[in-house]
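Shown here: model_8.txt, compact mmCIF, C-alpha atoms.
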```txt
# COMPACT_ATOMS: atom_id res chain seq x y z
CA MET A 1 94.64 132.97 108.65
CA PHE A 2 96.07 132.40 105.21
CA ILE A 3 99.14 130.22 105.23
CA ASN A 4 100.39 128.51 102.15
CA ILE A 5 102.29 125.29 102.75
CA ASP A 6 104.49 123.76 100.11
CA PRO A 7 105.41 120.32 101.42
CA SER A 8 107.87 119.75 98.62
CA SER A 9 109.83 122.91 99.36
CA GLY A 10 113.23 122.26 100.90
CA LEU A 11 112.21 124.40 103.86
CA PRO A 12 110.83 122.45 106.85
CA ILE A 13 107.09 123.03 107.22
CA TYR A 14 107.44 124.45 110.74
CA LEU A 15 109.76 127.13 109.34
CA GLN A 16 107.32 127.89 106.51
CA ILE A 17 104.55 128.43 109.05
CA ALA A 18 106.73 130.53 111.38
CA GLN A 19 108.06 132.71 108.57
CA GLN A 20 104.64 133.33 107.07
CA ILE A 21 103.24 134.37 110.43
CA LYS A 22 106.22 136.70 110.92
CA THR A 23 105.71 138.15 107.46
CA ALA A 24 101.99 138.64 108.19
CA VAL A 25 102.92 140.55 111.35
CA ALA A 26 105.55 142.59 109.49
CA MET A 27 103.02 143.53 106.82
CA GLY A 28 100.31 144.35 109.36
CA ARG A 29 98.02 141.55 108.16
CA LEU A 30 98.17 140.31 111.74
CA GLN A 31 97.77 142.99 114.39
CA PRO A 32 99.06 143.02 117.98
CA GLU A 33 96.78 141.19 120.43
CA GLU A 34 95.05 139.39 117.58
CA PRO A 35 94.30 135.74 118.45
CA LEU A 36 95.86 132.90 116.45
CA PRO A 37 94.09 129.59 115.77
CA SER A 38 94.85 126.73 118.14
CA VAL A 39 97.52 124.21 117.21
CA ARG A 40 94.84 121.62 116.49
CA GLN A 41 92.72 123.96 114.36
CA LEU A 42 95.64 125.12 112.26
CA ALA A 43 96.98 121.57 111.88
CA VAL A 44 93.64 120.30 110.55
CA GLU A 45 93.21 123.37 108.34
CA LEU A 46 96.63 122.97 106.74
CA ALA A 47 96.48 119.15 106.91
CA VAL A 48 99.86 119.01 108.58
CA ASN A 49 101.11 117.23 111.66
CA PRO A 50 100.09 119.07 114.87
CA ASN A 51 103.64 118.61 116.20
CA THR A 52 104.79 120.74 113.29
CA VAL A 53 102.41 123.59 114.12
CA ALA A 54 103.34 123.32 117.81
CA ARG A 55 107.01 123.65 116.89
CA ALA A 56 106.37 126.75 114.76
CA TYR A 57 104.38 128.34 117.61
CA LEU A 58 107.12 127.50 120.10
CA ASP A 59 109.77 129.13 117.91
CA LEU A 60 107.62 132.24 117.49
CA GLU A 61 106.95 132.36 121.22
CA ILE A 62 110.65 132.13 122.08
CA GLU A 63 111.39 134.94 119.62
CA GLY A 64 108.62 137.02 121.16
CA THR A 65 106.44 137.33 118.05
CA ILE A 66 103.52 135.63 119.77
CA TYR A 67 102.60 134.78 123.36
CA LYS A 68 100.38 132.30 125.15
CA ARG A 69 97.82 133.32 127.71
CA GLN A 70 96.88 130.46 130.01
CA GLY A 71 93.50 129.08 129.06
CA ALA A 72 92.80 131.84 126.53
CA GLY A 73 94.99 130.83 123.61
CA THR A 74 97.81 132.31 121.53
CA PHE A 75 98.08 135.98 120.52
CA VAL A 76 100.31 138.27 118.49
CA SER A 77 102.45 140.22 120.96
CA SER A 78 102.84 143.98 120.71
CA GLN A 79 106.60 143.61 120.58
CA GLY A 80 106.00 141.39 117.57
CA VAL A 81 105.75 144.54 115.47
CA GLU A 82 109.15 145.74 116.68
CA MET A 83 110.60 142.32 115.95
CA SER A 84 109.22 142.42 112.48
CA LYS A 85 111.72 145.08 111.41
CA ALA A 86 114.43 142.51 111.90
CA GLU A 87 112.28 140.13 109.89
CA ARG A 88 112.01 142.64 107.05
CA ARG A 89 115.78 142.99 107.01
CA ARG A 90 116.17 139.22 106.99
CA VAL A 91 113.88 138.85 103.96
CA LEU A 92 115.72 141.64 102.15
CA ASN A 93 119.16 140.17 102.88
CA GLU A 94 118.10 136.80 101.61
CA LEU A 95 116.80 138.21 98.33
CA LEU A 96 119.78 140.51 97.82
CA GLU A 97 122.26 137.74 98.48
CA LYS A 98 120.64 135.56 95.82
CA ALA A 99 120.76 138.35 93.26
CA LEU A 100 124.34 139.28 94.07
CA VAL A 101 125.66 135.71 93.91
CA GLU A 102 123.90 135.32 90.58
CA GLY A 103 125.51 138.58 89.39
CA VAL A 104 129.00 137.52 90.46
CA ASN A 105 128.52 134.18 88.72
CA LEU A 106 127.54 136.04 85.55
CA GLY A 107 130.96 137.65 85.73
CA LEU A 108 129.88 141.21 86.62
CA SER A 109 132.37 143.36 88.48
CA GLU A 110 131.73 144.85 91.90
CA ARG A 111 131.43 148.24 90.23
CA GLU A 112 128.82 147.04 87.78
CA LEU A 113 126.81 145.43 90.59
CA ARG A 114 126.80 148.66 92.61
CA ASP A 115 125.76 150.67 89.56
CA ALA A 116 122.94 148.26 88.79
CA PHE A 117 121.76 148.43 92.41
CA GLU A 118 121.80 152.25 92.46
CA ARG A 119 119.99 152.52 89.13
CA LEU A 120 117.26 150.10 90.19
CA LEU A 121 116.79 151.78 93.55
CA GLU A 122 116.45 155.16 91.87
CA LYS A 123 113.96 153.81 89.37
CA ILE A 124 111.81 152.25 92.11
CA ALA A 125 111.98 155.38 94.27
CA GLN A 126 110.77 157.48 91.33
CA ALA A 127 107.97 155.07 90.56
CA ARG A 128 106.80 155.33 94.15
CA ALA A 129 106.82 159.12 94.22
CA PRO A 130 103.31 160.51 94.92
CA GLU A 131 102.76 161.97 91.44
CA ALA A 132 103.56 158.69 89.72
CA VAL A 133 100.63 156.37 89.06
CA GLY A 134 101.04 152.61 89.21
CA LYS A 135 104.48 151.30 88.50
CA MET B 1 93.94 104.23 128.75
CA SER B 2 95.93 101.08 129.23
CA PRO B 3 96.89 100.33 132.83
CA ASP B 4 99.81 98.06 131.97
CA SER B 5 102.89 99.59 133.49
CA ASP B 6 105.29 97.97 131.02
CA ASN B 7 103.61 99.86 128.19
CA ILE B 8 104.11 103.19 129.82
CA LEU B 9 107.80 102.51 130.25
CA ASP B 10 108.20 101.47 126.65
CA GLU B 11 108.68 104.61 124.64
CA ASN B 12 108.36 102.94 121.28
CA ALA B 13 104.91 102.07 120.00
CA ILE B 14 106.51 99.76 117.45
CA GLU B 15 109.91 98.18 117.47
CA THR B 16 111.24 95.61 115.05
CA ARG B 17 114.61 93.94 115.36
CA ASN B 18 116.37 92.44 112.34
CA LEU B 19 113.00 91.67 110.86
CA GLY B 20 113.03 89.52 107.73
CA ARG B 21 110.58 87.68 105.53
CA LYS B 22 111.27 85.26 102.74
CA PHE B 23 108.78 83.88 100.27
CA GLY B 24 110.60 80.82 98.98
CA LYS B 25 113.89 82.23 97.75
CA PHE B 26 112.60 85.77 97.44
CA GLU B 27 113.52 88.05 100.33
CA ALA B 28 110.68 90.57 100.60
CA VAL B 29 112.04 92.15 103.80
CA LYS B 30 115.70 92.12 104.80
CA ASN B 31 117.00 92.80 108.28
CA VAL B 32 114.76 95.74 109.13
CA SER B 33 115.21 97.37 112.54
CA LEU B 34 112.63 100.06 112.94
CA ARG B 35 111.46 102.14 115.88
CA VAL B 36 108.32 104.22 115.95
CA PRO B 37 108.35 106.43 119.08
CA ARG B 38 105.03 106.93 120.83
CA GLY B 39 103.09 110.02 119.87
CA THR B 40 104.75 110.41 116.49
CA VAL B 41 103.71 109.94 112.89
CA PHE B 42 105.98 107.65 110.93
CA GLY B 43 105.78 107.53 107.13
CA LEU B 44 107.19 104.51 105.36
CA LEU B 45 108.12 105.62 101.87
CA GLY B 46 108.95 103.33 99.00
CA VAL B 47 107.97 102.36 95.48
CA ASN B 48 105.41 99.59 94.95
CA GLY B 49 106.98 96.27 95.87
CA ALA B 50 109.58 97.79 98.21
CA GLY B 51 108.37 95.62 101.11
CA LYS B 52 106.25 98.18 102.98
CA SER B 53 103.09 96.08 103.07
CA THR B 54 104.98 92.97 104.11
CA ILE B 55 106.45 94.83 107.10
CA ILE B 56 103.03 96.16 108.06
CA LYS B 57 101.45 92.71 107.81
CA MET B 58 104.14 91.35 110.14
CA ILE B 59 103.56 94.21 112.59
CA MET B 60 99.82 93.46 112.53
CA GLY B 61 100.51 89.75 113.11
CA HIS B 62 98.91 88.79 109.81
CA LEU B 63 102.15 87.33 108.54
CA ARG B 64 104.85 85.46 110.45
CA PRO B 65 108.41 86.79 110.13
CA THR B 66 111.07 84.36 108.95
CA ALA B 67 113.68 86.30 110.95
CA GLY B 68 113.80 88.79 113.78
CA GLU B 69 111.04 90.01 116.06
CA VAL B 70 108.32 92.61 116.47
CA ARG B 71 107.18 94.44 119.60
CA VAL B 72 103.96 96.44 119.49
CA LEU B 73 102.86 98.70 122.36
CA GLY B 74 105.47 97.17 124.61
CA ARG B 75 104.61 93.53 123.96
CA ALA B 76 106.17 90.86 121.83
CA LEU B 77 103.61 90.10 119.17
CA GLY B 78 103.28 86.40 120.04
CA GLU B 79 102.60 87.25 123.67
CA ASP B 80 99.19 88.85 123.39
CA LEU B 81 98.03 89.19 119.82
CA LEU B 82 94.35 89.69 120.65
CA GLY B 83 95.03 92.18 123.41
CA ILE B 84 97.20 94.22 121.06
CA ARG B 85 94.67 94.09 118.23
CA ARG B 86 92.11 95.75 120.48
CA ARG B 87 94.38 98.75 120.79
CA VAL B 88 95.62 98.97 117.22
CA ALA B 89 93.64 100.17 114.22
CA TYR B 90 94.42 98.86 110.77
CA VAL B 91 93.41 100.56 107.57
CA SER B 92 94.20 99.00 104.23
CA GLU B 93 92.66 98.72 100.83
CA ASN B 94 92.70 94.96 101.25
CA ARG B 95 91.14 94.98 104.68
CA TYR B 96 88.35 92.46 104.77
CA MET B 97 84.85 93.84 105.13
CA TYR B 98 81.53 92.00 105.08
CA ASP B 99 80.17 93.01 101.70
CA TRP B 100 76.64 91.81 102.45
CA MET B 101 76.18 94.08 105.46
CA THR B 102 74.90 97.61 105.21
CA VAL B 103 77.11 100.46 106.37
CA GLU B 104 75.09 100.75 109.54
CA GLU B 105 75.24 97.02 110.20
CA SER B 106 78.98 96.85 109.77
CA ILE B 107 79.41 99.75 112.21
CA ARG B 108 77.24 98.00 114.80
CA PHE B 109 78.98 94.69 114.16
CA THR B 110 82.47 96.15 114.60
CA SER B 111 81.48 98.11 117.70
CA ALA B 112 80.61 94.82 119.45
CA PHE B 113 84.26 93.81 119.42
CA HIS B 114 85.57 96.92 121.14
CA GLU B 115 84.93 97.93 124.73
CA THR B 116 86.40 101.31 123.92
CA TRP B 117 83.98 101.98 121.04
CA ASP B 118 82.86 105.61 120.87
CA ASP B 119 79.33 105.93 119.41
CA ASN B 120 79.56 109.71 119.18
CA LYS B 121 82.73 109.56 117.19
CA ALA B 122 81.28 106.95 114.83
CA SER B 123 78.12 108.95 114.12
CA ASP B 124 80.19 112.11 113.82
CA LEU B 125 82.42 110.54 111.17
CA LEU B 126 79.39 109.01 109.44
CA LYS B 127 77.95 112.48 109.05
CA ARG B 128 81.22 114.14 108.08
CA PHE B 129 81.89 111.53 105.39
CA SER B 130 78.22 111.62 104.24
CA LEU B 131 78.20 107.83 104.11
CA PRO B 132 74.91 106.24 103.01
CA SER B 133 74.11 104.13 106.07
CA GLU B 134 71.43 102.00 104.35
CA LYS B 135 73.65 100.94 101.47
CA LYS B 136 75.36 97.58 101.35
CA VAL B 137 79.15 97.66 101.63
CA ARG B 138 79.44 95.95 98.24
CA GLN B 139 77.58 98.85 96.59
CA LEU B 140 79.90 101.53 97.95
CA SER B 141 82.21 103.51 95.73
CA ARG B 142 85.91 103.02 96.28
CA GLY B 143 86.19 106.32 98.13
CA ASN B 144 83.26 105.56 100.43
CA ARG B 145 84.56 102.09 101.13
CA ALA B 146 87.87 103.64 102.20
CA ARG B 147 86.03 106.18 104.35
CA LEU B 148 84.04 103.42 106.06
CA CYS B 149 87.27 101.57 106.74
CA LEU B 150 88.72 104.69 108.36
CA LEU B 151 85.55 105.23 110.40
CA LEU B 152 85.69 101.67 111.74
CA ALA B 153 89.36 102.11 112.58
CA LEU B 154 89.13 105.42 114.39
CA SER B 155 85.89 104.93 116.32
CA PHE B 156 87.30 102.66 119.02
CA ASN B 157 89.97 105.15 120.06
CA PRO B 158 93.02 103.09 119.15
CA GLU B 159 96.40 103.95 120.64
CA LEU B 160 98.16 103.03 117.44
CA ILE B 161 96.87 103.55 113.92
CA ILE B 162 98.49 101.62 111.09
CA LEU B 163 97.58 102.53 107.55
CA ASP B 164 98.83 100.58 104.57
CA GLU B 165 98.79 102.80 101.48
CA PRO B 166 95.63 104.42 102.83
CA THR B 167 95.12 106.82 99.98
CA SER B 168 96.30 104.89 96.95
CA GLY B 169 93.75 105.06 94.18
CA LEU B 170 91.62 107.67 95.97
CA ASP B 171 90.66 110.99 94.48
CA PRO B 172 92.12 114.19 95.96
CA ILE B 173 88.97 114.97 97.97
CA VAL B 174 88.91 111.64 99.77
CA ARG B 175 92.66 111.83 100.28
CA ARG B 176 92.31 115.20 101.93
CA ASP B 177 89.46 113.81 104.11
CA PHE B 178 91.77 111.04 105.19
CA ILE B 179 94.68 113.28 105.98
CA GLU B 180 92.61 115.83 107.89
CA ASN B 181 90.97 113.16 110.02
CA ILE B 182 94.22 111.44 110.74
CA VAL B 183 95.73 114.78 111.71
CA ALA B 184 92.80 115.51 114.02
CA GLU B 185 93.32 112.10 115.53
CA ILE B 186 97.02 112.64 116.21
CA ALA B 187 96.23 115.98 117.77
CA GLU B 188 94.68 114.01 120.58
CA GLU B 189 97.57 113.25 122.80
CA GLY B 190 99.58 110.09 122.77
CA LYS B 191 98.41 108.58 119.52
CA THR B 192 100.90 106.99 117.22
CA VAL B 193 100.52 106.60 113.48
CA LEU B 194 102.45 104.41 111.06
CA PHE B 195 101.52 104.71 107.43
CA SER B 196 103.02 103.56 104.19
CA SER B 197 102.85 105.53 101.00
CA HIS B 198 104.51 106.02 97.69
CA ILE B 199 103.27 109.61 97.58
CA VAL B 200 106.11 111.80 98.81
CA GLU B 201 103.97 114.92 99.28
CA GLU B 202 101.70 113.09 101.69
CA VAL B 203 104.56 111.83 103.84
CA GLU B 204 106.15 115.27 103.83
CA ARG B 205 102.97 116.93 104.99
CA VAL B 206 102.07 114.81 107.98
CA ALA B 207 104.99 112.67 109.08
CA ASP B 208 107.46 113.42 111.88
CA TYR B 209 109.70 110.57 110.76
CA VAL B 210 110.25 109.10 107.37
CA GLY B 211 111.75 105.72 106.58
CA ILE B 212 112.88 105.14 103.02
CA MET B 213 112.61 101.56 101.77
CA ASP B 214 113.70 99.85 98.61
CA GLU B 215 113.95 96.19 97.64
CA GLY B 216 113.14 94.99 101.14
CA GLU B 217 115.73 97.13 102.90
CA LEU B 218 115.25 100.14 105.12
CA LEU B 219 117.76 102.60 103.63
CA MET B 220 117.29 105.59 105.87
CA VAL B 221 115.28 106.82 108.85
CA SER B 222 115.21 110.46 109.85
CA THR B 223 112.88 113.22 110.92
CA ILE B 224 111.54 115.19 107.96
CA ASP B 225 112.87 118.44 109.44
CA ASP B 226 116.36 117.00 109.88
CA ILE B 227 116.35 115.81 106.32
CA LYS B 228 115.45 119.25 105.05
CA LEU B 229 117.98 120.97 107.27
CA THR B 230 120.90 118.58 106.72
CA TYR B 231 120.58 117.73 103.03
CA LYS B 232 121.44 120.54 100.63
CA ARG B 233 122.37 121.12 97.06
CA VAL B 234 125.50 123.09 96.28
CA ARG B 235 125.70 124.68 92.86
CA TYR B 236 128.53 126.60 91.22
CA ALA B 237 129.83 127.63 87.86
CA THR B 238 132.72 125.51 86.59
CA ASN B 239 134.38 128.18 84.43
CA GLY B 240 135.99 125.67 82.10
CA THR B 241 137.63 123.35 84.63
CA ARG B 242 135.71 121.03 86.89
CA PRO B 243 137.11 120.81 90.39
CA GLU B 244 138.04 117.39 91.77
CA VAL B 245 135.23 116.47 94.17
CA ALA B 246 136.49 113.04 95.21
CA GLY B 247 137.28 113.17 98.92
CA VAL B 248 135.22 116.29 99.61
CA PRO B 249 133.29 115.53 102.81
CA GLY B 250 129.51 115.01 102.69
CA VAL B 251 129.13 114.72 98.92
CA LEU B 252 126.51 112.11 97.99
CA MET B 253 126.01 112.84 94.35
CA VAL B 254 127.50 114.89 91.55
CA GLU B 255 125.53 116.19 88.58
CA ASN B 256 127.42 117.85 85.76
CA GLY B 257 125.82 120.57 83.71
CA ARG B 258 127.51 122.24 80.79
CA TYR B 259 128.85 125.18 82.73
CA GLU B 260 127.96 124.20 86.23
CA GLN B 261 128.22 121.42 88.74
CA VAL B 262 125.55 120.50 91.29
CA LEU B 263 126.40 118.46 94.38
CA THR B 264 123.99 116.76 96.73
CA VAL B 265 125.51 117.21 100.17
CA HIS B 266 124.67 115.74 103.55
CA GLY B 267 125.45 117.01 107.02
CA VAL B 268 128.72 118.89 106.94
CA VAL B 269 127.87 121.70 104.53
CA ASP B 270 130.41 124.12 106.08
CA GLU B 271 133.27 121.64 105.70
CA THR B 272 132.14 120.82 102.19
CA LEU B 273 132.16 124.49 101.23
CA GLN B 274 135.57 125.06 102.78
CA MET B 275 137.11 122.14 100.92
CA LEU B 276 135.47 123.25 97.67
CA GLY B 277 136.94 126.71 98.23
CA GLU B 278 140.39 125.18 98.64
CA ARG B 279 139.88 123.41 95.33
CA GLY B 280 139.11 126.62 93.53
CA VAL B 281 135.31 126.78 93.58
CA LYS B 282 134.09 130.35 93.68
CA ASN B 283 130.70 131.61 94.96
CA PRO B 284 128.96 128.32 95.57
CA GLU B 285 125.24 128.60 96.14
CA VAL B 286 123.59 126.47 98.82
CA LEU B 287 120.09 125.41 97.80
CA PRO B 288 117.41 123.44 99.61
CA ILE B 289 116.44 120.03 98.36
CA SER B 290 113.03 118.37 98.46
CA LEU B 291 112.21 115.03 100.05
CA GLU B 292 111.32 113.75 96.60
CA ASP B 293 114.87 114.43 95.38
CA ILE B 294 116.35 112.86 98.49
CA PHE B 295 114.13 109.82 98.07
CA VAL B 296 115.04 109.35 94.43
CA ASN B 297 118.76 109.97 95.04
CA THR B 298 118.92 107.59 98.02
CA VAL B 299 117.18 104.79 96.15
CA ARG B 300 119.28 105.32 93.02
CA ALA B 301 122.56 105.42 94.90
CA GLU B 302 121.63 102.19 96.71
CA ARG B 303 120.63 100.45 93.48
CA GLU B 304 123.93 101.46 91.87
CA ARG B 305 125.82 100.19 94.89
CA ARG B 306 124.00 96.85 94.63
CA ALA B 307 124.62 96.59 90.91
CA ASN B 308 128.35 97.09 91.44
CA ARG B 309 128.56 94.50 94.18
```
Can the structure in the file be given as structure tokens, please?
Amino acid sequence: MFINIDPSSGLPIYLQIAQQIKTAVAMGRLQPEEPLPSVRQLAVELAVNPNTVARAYLDLEIEGTIYKRQGAGTFVSSQGVEMSKAERRRVLNELLEKALVEGVNLGLSERELRDAFERLLEKIAQARAPEAVGK
Amino acid sequence: MSPDSDNILDENAIETRNLGRKFGKFEAVKNVSLRVPRGTVFGLLGVNGAGKSTIIKMIMGHLRPTAGEVRVLGRALGEDLLGIRRRVAYVSENRYMYDWMTVEESIRFTSAFHETWDDNKASDLLKRFSLPSEKKVRQLSRGNRARLCLLLALSFNPELIILDEPTSGLDPIVRRDFIENIVAEIAEEGKTVLFSSHIVEEVERVADYVGIMDEGELLMVSTIDDIKLTYKRVRYATNGTRPEVAGVPGVLMVENGRYEQVLTVHGVVDETLQMLGERGVKNPEVLPISLEDIFVNTVRAERERRANR
């Protein structure tokens, strides 16, 4: 499992782990019923405190992204994929908010922001049309 | 592992009360009350000379406090120093080792002092560290000497592991070896780790708790997660006039840019934002802050406070 920890990020490490697992599920890099490494394995691999990994797993379990099977380990749950839509929205909202605050601070009007958004969306949609190659 | 009932009741592996140490007139440690809960990893963070080593030496019983007291694994240090030492591992650059012994000899020698010595673990670590068992300790490289020290410390299954600047002066590979093995060790239930470091990244990675020290004083103790969740930066454009921030709750520090102001805020971010709004701040951005920034800001603020006293 590829998880990239940045200890000096302002985000607690357990949240970094939880979010990256959620993103991996949302992107399909982790499939339902796929096993996850044990807390100990992942802790040694990432060189982080096992309590931190345990906390990330607990959060994910409570949210329903993963589940524990007694004696067998931890797995991605099938409802994890459903959940991941909410996760995709969360990521989008976070990015949009940053951009919009920046825009407002630059002194752009609401109208200008909407126009910019529409134009960009159109451009991206065109680029992704089947006949277009690359970006 | 230990049958003593008083230890089981004591939830702190280490507890110091108003601990102090003077060397002549110089106060190396001032009034430090520190608790390290069992099963946690505690990182003591401070610049060189902050007093970290002096505290650790007092906890190990190598140095007598001039004020206050220390309890380790539920016992006052004076009560049962030898009994405690059998259950506590100590890793330090300055730890004494018999230079004239070979690696193998020093492993056998150390094992004789510990009933709980685990031969499998020792030979496992010997292999993992690729230590040359026939070489004399004095011929070892700095990294291998540190690895041997860690091997000797971990192989008797200590309940408490105390590491004084364990990775200072080591290359990144040895450092990673150290951290991974310490992590593996903590993963076994019930072990407690106290380590000192001036490397913020290291503390951030493995510690549950961090204590920030400067000039002999313990300035702050918190869990790393709490720090990251409760300390924030708030940034906004000033649009010509700077708002009055005196009296705004939670503000620790103000940095003025040309067209913006950046506040370091603790705890009550919602109240801070509301008050800023009332004072005319528009669209403030809440940003995360790294432990390094918090460390530097805490130490600086304290030094300023002292200078103005």
**Request:** Output as number ranges by chain the set of chain B residues within 7 Å of chain A, with distances taken over only C-alpha atoms.
**Result:** B: 179-180, 183-184, 187, 201, 204-207, 225, 228, 237, 283, 288-291
**Prompt:** What's the 10 Å shell around Val268 in chain B, counting all atoms listed in the file, without same-chain residues fewer than 3 positions away, as a PyMOL selection string?
**Reply:** chain B and resi 230-232+249-251+265+271-273
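For the pair CA of Leu154 in chain B and CA of Tyr57 in chain A, the interatomic distance is 27.7 Å.
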**Asked** Nearest to Glu278 in chain B: which of B:Val245, B:Ala50, B:Met213, B:Val32 is it, counting all atoms listed in the file?
**Response** B:Val245
**Complete:** Students should find that CA of Leu148 in chain B and CA of Glu185 in chain B are spaced 15.8 Å
**Message:** I'd like the interatomic distance between CA of His114 in chain B and CA of Arg64 in chain B, to a tenth of an Å.
**Reply:**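 We find that CA of His114 in chain B and CA of Arg64 in chain B lie 24.8 Å from each other.
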**Counting only C-alpha atoms, the option among A:Ile21, A:Leu96, A:Leu108, A:Ala127 closest to Val76 in chain A** =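 Selected residue with least distance to Val76 in chain A: A:Ile21.
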